[in-house]
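Data from entry03.pdb: PDB, C-alpha atoms
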ATOM      1  CA  MET A   1      -4.687  -6.929  -5.003
ATOM      2  CA  HIS A   2      -0.986  -7.529  -5.353
ATOM      3  CA  VAL A   3       0.993 -10.722  -5.324
ATOM      4  CA  GLY A   4       4.454 -10.690  -3.858
ATOM      5  CA  ARG A   5       7.628 -12.462  -2.876
ATOM      6  CA  PHE A   6       8.088 -12.390   0.871
ATOM      7  CA  SER A   7      11.644 -13.656   1.217
ATOM      8  CA  HIS A   8      12.779 -10.172   2.220
ATOM      9  CA  LEU A   9      11.155 -10.207   5.669
ATOM     10  CA  PRO A  10      13.968 -10.332   8.226
ATOM     11  CA  ALA A  11      13.532 -11.519  11.811
ATOM     12  CA  THR A  12      14.000  -7.899  12.962
ATOM     13  CA  GLY A  13      14.206  -4.492  11.339
ATOM     14  CA  TRP A  14      12.781  -3.182   8.088
ATOM     15  CA  GLY A  15      11.630  -5.605   5.412
ATOM     16  CA  TRP A  16      11.545  -5.156   1.654
ATOM     17  CA  PRO A  17       9.121  -7.695   0.173
ATOM     18  CA  VAL A  18       8.810  -7.482  -3.584
ATOM     19  CA  LEU A  19       5.439  -6.866  -5.226
ATOM     20  CA  ALA A  20       5.546  -8.972  -8.346
ATOM     21  CA  LYS A  21       2.180  -8.565 -10.070
ATOM     22  CA  SER A  22      -1.403  -7.524  -9.524
ATOM     23  CA  LYS A  23      -4.622  -9.486  -9.770
ATOM     24  CA  PRO A  24      -7.251  -6.751 -10.050
ATOM     25  CA  TRP A  25     -10.979  -7.416 -10.058
ATOM     26  CA  THR A  26     -13.002  -6.484 -13.104
ATOM     27  CA  ASN A  27     -16.056  -7.757 -14.895
ATOM     28  CA  LYS A  28     -15.429 -11.167 -16.527
ATOM     29  CA  LYS A  29     -16.324  -9.809 -19.951
ATOM     30  CA  TRP A  30     -13.442  -7.307 -19.735
ATOM     31  CA  THR A  31     -10.650  -9.746 -18.856
ATOM     32  CA  ASP A  32      -8.424 -11.719 -21.216
ATOM     33  CA  SER A  33      -9.054 -14.969 -19.343
ATOM     34  CA  GLY A  34     -12.807 -14.698 -18.875
ATOM     35  CA  GLU A  35     -12.245 -14.756 -15.110
ATOM     36  CA  ALA A  36     -13.049 -11.891 -12.753
ATOM     37  CA  HIS A  37      -9.346 -11.567 -11.825
ATOM     38  CA  ASP A  38      -6.567 -11.496 -14.437
ATOM     39  CA  ASP A  39      -2.900 -11.634 -13.529
ATOM     40  CA  ARG A  40      -1.281  -8.345 -14.506
ATOM     41  CA  GLY A  41       2.174  -6.888 -14.250
ATOM     42  CA  LEU A  42       2.734  -3.746 -12.232
ATOM     43  CA  LYS A  43       1.967  -0.409 -13.888
ATOM     44  CA  HIS A  44       4.844   1.190 -15.783
ATOM     45  CA  ARG A  45       7.103  -1.852 -15.312
ATOM     46  CA  ALA A  46       8.275  -4.757 -17.440
ATOM     47  CA  GLU A  47       6.003  -7.810 -17.151
ATOM     48  CA  ASP A  48       8.250  -9.738 -14.751
ATOM     49  CA  GLU A  49       9.702  -6.709 -12.948
ATOM     50  CA  GLY A  50       8.793  -6.462  -9.280
ATOM     51  CA  ARG A  51       8.957  -3.533  -6.909
ATOM     52  CA  PRO A  52      10.470  -3.663  -3.405
ATOM     53  CA  VAL A  53       8.174  -2.148  -0.788
ATOM     54  CA  PRO A  54       9.492  -0.743   2.513
ATOM     55  CA  VAL A  55       7.816  -2.372   5.506
ATOM     56  CA  PRO A  56       8.479  -1.030   9.026
ATOM     57  CA  PRO A  57       9.557  -3.481  11.739
ATOM     58  CA  GLU A  58       6.150  -3.629  13.457
ATOM     59  CA  LEU A  59       4.437  -4.684  10.233
ATOM     60  CA  VAL A  60       7.236  -7.139   9.409
ATOM     61  CA  ALA A  61       6.476  -8.924  12.691
ATOM     62  CA  ILE A  62       2.745  -9.032  11.902
ATOM     63  CA  LEU A  63       3.374 -10.329   8.371
ATOM     64  CA  ARG A  64       5.765 -13.003   9.643
ATOM     65  CA  GLU A  65       3.115 -14.179  12.153
ATOM     66  CA  HIS A  66       0.475 -14.237   9.411
ATOM     67  CA  ILE A  67       2.718 -16.248   7.088
ATOM     68  CA  GLU A  68       3.570 -18.691   9.868
ATOM     69  CA  GLU A  69      -0.112 -19.267  10.619
ATOM     70  CA  PHE A  70      -1.615 -19.198   7.108
ATOM     71  CA  GLY A  71       1.289 -19.634   4.707
ATOM     72  CA  ILE A  72       1.482 -18.081   1.261
ATOM     73  CA  HIS A  73      -0.698 -19.154  -1.654
ATOM     74  CA  GLU A  74       1.161 -20.839  -4.522
ATOM     75  CA  ASP A  75       0.696 -17.693  -6.625
ATOM     76  CA  GLY A  76       2.230 -15.477  -3.906
ATOM     77  CA  ARG A  77      -0.938 -14.051  -2.320
ATOM     78  CA  LEU A  78      -0.926 -13.549   1.448
ATOM     79  CA  PHE A  79      -4.676 -13.183   1.815
ATOM     80  CA  ARG A  80      -7.214 -15.562   0.340
ATOM     81  CA  THR A  81     -10.477 -17.280   1.104
ATOM     82  CA  SER A  82     -10.568 -20.556   3.050
ATOM     83  CA  ARG A  83     -10.607 -22.389  -0.302
ATOM     84  CA  GLY A  84      -7.705 -20.375  -1.717
ATOM     85  CA  GLY A  85      -9.817 -17.984  -3.779
ATOM     86  CA  VAL A  86      -9.406 -14.263  -4.251
ATOM     87  CA  ILE A  87     -11.012 -12.200  -1.496
ATOM     88  CA  SER A  88     -13.944 -10.198  -2.830
ATOM     89  CA  ILE A  89     -13.995  -6.419  -2.903
ATOM     90  CA  GLY A  90     -17.087  -6.582  -0.683
ATOM     91  CA  THR A  91     -15.131  -8.398   2.009
ATOM     92  CA  TYR A  92     -12.310  -5.870   1.827
ATOM     93  CA  CYS A  93     -14.861  -3.057   2.179
ATOM     94  CA  GLU A  94     -16.488  -4.686   5.217
ATOM     95  CA  VAL A  95     -13.123  -5.167   6.925
ATOM     96  CA  TRP A  96     -12.074  -1.607   6.079
ATOM     97  CA  LYS A  97     -15.322  -0.231   7.520
ATOM     98  CA  ALA A  98     -14.781  -2.222  10.733
ATOM     99  CA  ALA A  99     -11.151  -1.070  10.960
ATOM    100  CA  ARG A 100     -12.189   2.576  10.572
ATOM    101  CA  ALA A 101     -14.800   2.145  13.328
ATOM    102  CA  PHE A 102     -12.144   0.626  15.579
ATOM    103  CA  ALA A 103      -9.369   3.147  14.877
ATOM    104  CA  LEU A 104     -11.143   6.481  14.330
ATOM    105  CA  THR A 105     -13.217   8.770  16.495
ATOM    106  CA  PRO A 106     -16.913   9.151  15.587
ATOM    107  CA  GLU A 107     -16.148  12.563  14.026
ATOM    108  CA  GLN A 108     -13.365  11.065  11.910
ATOM    109  CA  GLN A 109     -15.584   8.160  10.852
ATOM    110  CA  VAL A 110     -18.086  10.504   9.179
ATOM    111  CA  SER A 111     -15.276  12.462   7.506
ATOM    112  CA  PRO A 112     -13.471  11.449   4.294
ATOM    113  CA  LEU A 113     -10.390  10.519   6.376
ATOM    114  CA  ALA A 114      -9.164   7.071   5.262
ATOM    115  CA  ALA A 115     -12.411   6.531   3.382
ATOM    116  CA  ARG A 116     -10.829   3.758   1.280
ATOM    117  CA  PRO A 117      -7.846   1.436   1.763
ATOM    118  CA  TYR A 118      -5.844   3.243  -0.933
ATOM    119  CA  ASP A 119      -5.863   6.338   1.278
ATOM    120  CA  LEU A 120      -3.227   4.608   3.426
ATOM    121  CA  ARG A 121      -0.811   5.056   0.546
ATOM    122  CA  HIS A 122      -1.437   8.806   0.597
ATOM    123  CA  ALA A 123      -0.986   8.825   4.361
ATOM    124  CA  ALA A 124       2.317   6.931   4.147
ATOM    125  CA  VAL A 125       3.707   9.169   1.415
ATOM    126  CA  SER A 126       2.627  12.295   3.330
ATOM    127  CA  LEU A 127       4.212  10.939   6.513
ATOM    128  CA  TRP A 128       7.503  10.281   4.714
ATOM    129  CA  LEU A 129       7.511  13.777   3.184
ATOM    130  CA  ASN A 130       6.610  15.410   6.516
ATOM    131  CA  ALA A 131       9.387  13.407   8.190
ATOM    132  CA  GLY A 132      11.860  15.152   5.896
ATOM    133  CA  VAL A 133      12.655  12.208   3.630
ATOM    134  CA  ALA A 134      13.952  13.574   0.328
ATOM    135  CA  ALA A 135      11.441  13.586  -2.526
ATOM    136  CA  PRO A 136      13.474  11.188  -4.743
ATOM    137  CA  ASP A 137      13.679   8.689  -1.863
ATOM    138  CA  VAL A 138       9.953   8.994  -1.136
ATOM    139  CA  ALA A 139       9.153   8.491  -4.816
ATOM    140  CA  GLU A 140      11.331   5.376  -4.960
ATOM    141  CA  ARG A 141       9.713   3.937  -1.818
ATOM    142  CA  ALA A 142       6.265   4.627  -3.270
ATOM    143  CA  GLY A 143       7.230   3.086  -6.594
ATOM    144  CA  HIS A 144       6.914   6.023  -8.958
ATOM    145  CA  GLY A 145       8.701   9.118 -10.172
ATOM    146  CA  VAL A 146       9.193  12.438  -8.440
ATOM    147  CA  ASP A 147       6.849  14.073 -10.976
ATOM    148  CA  VAL A 148       3.962  11.851  -9.818
ATOM    149  CA  LEU A 149       4.923  12.409  -6.189
ATOM    150  CA  LEU A 150       4.728  16.173  -6.559
ATOM    151  CA  LYS A 151       1.627  16.152  -8.763
ATOM    152  CA  VAL A 152      -0.469  13.633  -6.820
ATOM    153  CA  TYR A 153       0.808  13.299  -3.271
ATOM    154  CA  ALA A 154       2.391  16.588  -2.243
ATOM    155  CA  LYS A 155      -1.053  18.183  -2.059
ATOM    156  CA  CYS A 156      -2.008  15.638   0.627
ATOM    157  CA  ILE A 157       0.470  17.050   3.116
ATOM    158  CA  ASP A 158      -1.109  18.881   5.995
ATOM    159  CA  GLY A 159       0.407  20.760   8.888
ATOM    160  CA  GLY A 160       3.827  21.409   7.410
ATOM    161  CA  THR A 161       3.700  25.206   7.374
ATOM    162  CA  GLU A 162       5.350  25.713  10.766
ATOM    163  CA  ILE A 163       8.051  23.151  10.014
ATOM    164  CA  ALA A 164       8.744  24.804   6.649
ATOM    165  CA  ASN A 165       8.891  28.260   8.245
ATOM    166  CA  ARG A 166      11.317  27.014  10.897
ATOM    167  CA  ARG A 167      13.567  25.371   8.301
ATOM    168  CA  ILE A 168      13.608  28.538   6.166
ATOM    169  CA  ASP A 169      14.317  30.695   9.251
ATOM    170  CA  ASP A 170      17.165  28.356  10.227
ATOM    171  CA  ALA A 171      18.600  28.480   6.698
ATOM    172  CA  LEU A 172      18.425  32.291   6.632
ATOM    173  CA  ALA A 173      20.101  32.539  10.045
ATOM    174  CA  ALA A 174      23.005  30.286   9.039
TER
END
Could you write out this structure as structure tokens?
Amino acid sequence: MHVGRFSHLPATGWGWPVLAKSKPWTNKKWTDSGEAHDDRGLKHRAEDEGRPVPVPPELVAILREHIEEFGIHEDGRLFRTSRGGVISIGTYCEVWKAARAFALTPEQQVSPLAARPYDLRHAAVSLWLNAGVAAPDVAERAGHGVDVLLKVYAKCIDGGTEIANRRIDDALAA
């Protein structure tokens, strides 16, 4: 779970909210506070350093509607329980399972496709790479270096062979 600053959500166009920290779940005996959720900075960043996240216009509109209806928790969380608590991992899993059933065909539902929410990150990064966005730009949007992009995400790309062949043919013909 990440906590953010949502002042960068324009009325139209792309938004760039800033993820400011995380509040991951772990066993109470493994946290500094004794609570199940400790506030943490973002990986590989200074404690107070945030990371802007690109949000397409359609999602900006949805987020703005959500904020208008539910507001933002004092600690920056968009999603919380009716009493302001942290949403449990079990609830996230139930919602994810329902979303998969709604969005995917029965064959896709039994496949590993989008098996967990984090898989959306892989899908976004693959989409950006397949769209021809330069690797350094994709890495910046995803919040890591090009080395991680090429090591972790580039293997997720599917269906790019014909596009690559066409680009190489075009380059050779020029």
Hey, which of A:Gly90, A:Pro117, A:Pro136, A:Pro17 ends up closest to A:Gly50? Count all atoms listed in the file.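 Looking at the shortest contact to A:Gly50, the residue is A:Pro17.
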Chain and number of each residue from the PyMOL selection byres ((chain A and resi 49) around 12), as a list in words: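 Applying the PyMOL selection byres ((chain A and resi 49) around 12) to the structure shown produces Gly4, Arg5, Val18, Leu19, Ala20, Lys21, Ser22, Arg40, Gly41, Leu42, Lys43, His44, Arg45, Ala46, Glu47, Asp48, Gly50, Arg51, Pro52 and Gly143 of chain A.
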Near-A:Tyr118 list (12 Å; all atoms listed in the file; drop same-chain fewer than 6 positions) as an MDAnalysis selection string: chainID A and resid 1 92:93 96 124:125
Please, what distance in Å, to one decimal, runs between atom CA of A:Ala103 and atom CA of A:His122? 17.3 Å
Using only C-alpha atoms, the best pick from A:Ala171, A:Pro106, A:His66, A:Arg141 as closest to A:Trp16 would be A:Arg141
Show me the residues close to (1.4, -18.4, -4.3) - anything with an atom within 12 Å, counting only C-alpha atoms - and format the list as a list in words.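 Within the cut-off we find His2, Val3, Gly4, Arg5, Phe6, Ala20, Lys21, Ile67, Phe70, Gly71, Ile72, His73, Glu74, Asp75, Gly76, Arg77, Leu78, Phe79, Arg80, Gly84, Gly85 and Val86 of chain A.
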Taking only all heavy atoms, show stretch 27-38 of chain A of the given structure as a compact mmCIF listing (two decimals), in the first residue's frame.
# COMPACT_ATOMS: atom_id res chain seq x y z
N ASN A 27 3.82 -9.06 9.84
CA ASN A 27 3.46 -9.55 11.17
C ASN A 27 3.89 -8.50 12.20
O ASN A 27 4.97 -7.94 12.10
CB ASN A 27 4.17 -10.88 11.41
CG ASN A 27 3.71 -11.55 12.68
OD1 ASN A 27 3.74 -10.97 13.76
ND2 ASN A 27 3.28 -12.81 12.54
N LYS A 28 3.06 -8.26 13.20
CA LYS A 28 3.35 -7.24 14.23
C LYS A 28 4.71 -7.43 14.88
O LYS A 28 5.37 -6.47 15.25
CB LYS A 28 2.27 -7.25 15.32
CG LYS A 28 0.95 -6.75 14.85
CD LYS A 28 -0.06 -6.79 16.00
CE LYS A 28 -1.40 -6.29 15.53
NZ LYS A 28 -2.37 -6.25 16.62
N LYS A 29 5.14 -8.68 15.04
CA LYS A 29 6.42 -8.89 15.71
C LYS A 29 7.62 -8.49 14.84
O LYS A 29 8.74 -8.44 15.33
CB LYS A 29 6.56 -10.33 16.20
CG LYS A 29 6.57 -11.39 15.13
CD LYS A 29 6.63 -12.77 15.77
CE LYS A 29 6.40 -13.86 14.76
NZ LYS A 29 6.34 -15.17 15.38
N TRP A 30 7.39 -8.20 13.57
CA TRP A 30 8.49 -7.83 12.67
C TRP A 30 8.51 -6.34 12.37
O TRP A 30 9.34 -5.88 11.59
CB TRP A 30 8.39 -8.61 11.36
CG TRP A 30 8.48 -10.08 11.57
CD1 TRP A 30 7.48 -10.99 11.43
CD2 TRP A 30 9.63 -10.82 11.98
NE1 TRP A 30 7.92 -12.24 11.72
CE2 TRP A 30 9.25 -12.18 12.06
CE3 TRP A 30 10.94 -10.49 12.29
CZ2 TRP A 30 10.13 -13.18 12.44
CZ3 TRP A 30 11.80 -11.50 12.67
CH2 TRP A 30 11.40 -12.82 12.73
N THR A 31 7.61 -5.55 12.95
CA THR A 31 7.60 -4.12 12.67
C THR A 31 8.27 -3.35 13.80
O THR A 31 8.36 -3.83 14.93
CB THR A 31 6.17 -3.59 12.49
OG1 THR A 31 5.44 -3.77 13.71
CG2 THR A 31 5.46 -4.29 11.34
N ASP A 32 8.71 -2.15 13.51
CA ASP A 32 9.33 -1.29 14.52
C ASP A 32 8.31 -0.77 15.53
O ASP A 32 8.62 -0.54 16.68
CB ASP A 32 10.04 -0.10 13.86
CG ASP A 32 11.20 -0.53 12.98
OD1 ASP A 32 11.78 -1.61 13.26
OD2 ASP A 32 11.53 0.20 12.04
N SER A 33 7.07 -0.57 15.06
CA SER A 33 6.04 0.03 15.90
C SER A 33 5.23 -0.97 16.70
O SER A 33 4.50 -0.58 17.61
CB SER A 33 5.08 0.84 15.02
OG SER A 33 4.35 -0.06 14.18
N GLY A 34 5.32 -2.25 16.35
CA GLY A 34 4.46 -3.24 16.98
C GLY A 34 3.08 -3.33 16.34
O GLY A 34 2.22 -4.09 16.77
N GLU A 35 2.87 -2.53 15.30
CA GLU A 35 1.62 -2.56 14.54
C GLU A 35 1.82 -3.43 13.30
O GLU A 35 2.94 -3.70 12.89
CB GLU A 35 1.23 -1.14 14.10
CG GLU A 35 0.99 -0.19 15.26
CD GLU A 35 -0.21 -0.58 16.10
OE1 GLU A 35 -1.22 -1.05 15.53
OE2 GLU A 35 -0.14 -0.44 17.34
N ALA A 36 0.73 -3.84 12.68
CA ALA A 36 0.83 -4.68 11.49
C ALA A 36 1.30 -3.89 10.27
O ALA A 36 1.79 -4.47 9.31
CB ALA A 36 -0.52 -5.33 11.19
N HIS A 37 1.17 -2.57 10.31
CA HIS A 37 1.56 -1.71 9.19
C HIS A 37 2.50 -0.62 9.70
O HIS A 37 2.11 0.20 10.52
CB HIS A 37 0.34 -1.04 8.54
CG HIS A 37 -0.64 -2.01 7.98
ND1 HIS A 37 -0.55 -2.49 6.71
CD2 HIS A 37 -1.72 -2.60 8.53
CE1 HIS A 37 -1.54 -3.34 6.50
NE2 HIS A 37 -2.27 -3.41 7.59
N ASP A 38 3.72 -0.61 9.23
CA ASP A 38 4.68 0.46 9.55
C ASP A 38 4.77 1.42 8.38
O ASP A 38 4.74 0.99 7.22
CB ASP A 38 6.08 -0.12 9.79
CG ASP A 38 6.40 -0.33 11.25
OD1 ASP A 38 5.61 0.12 12.11
OD2 ASP A 38 7.45 -0.93 11.53
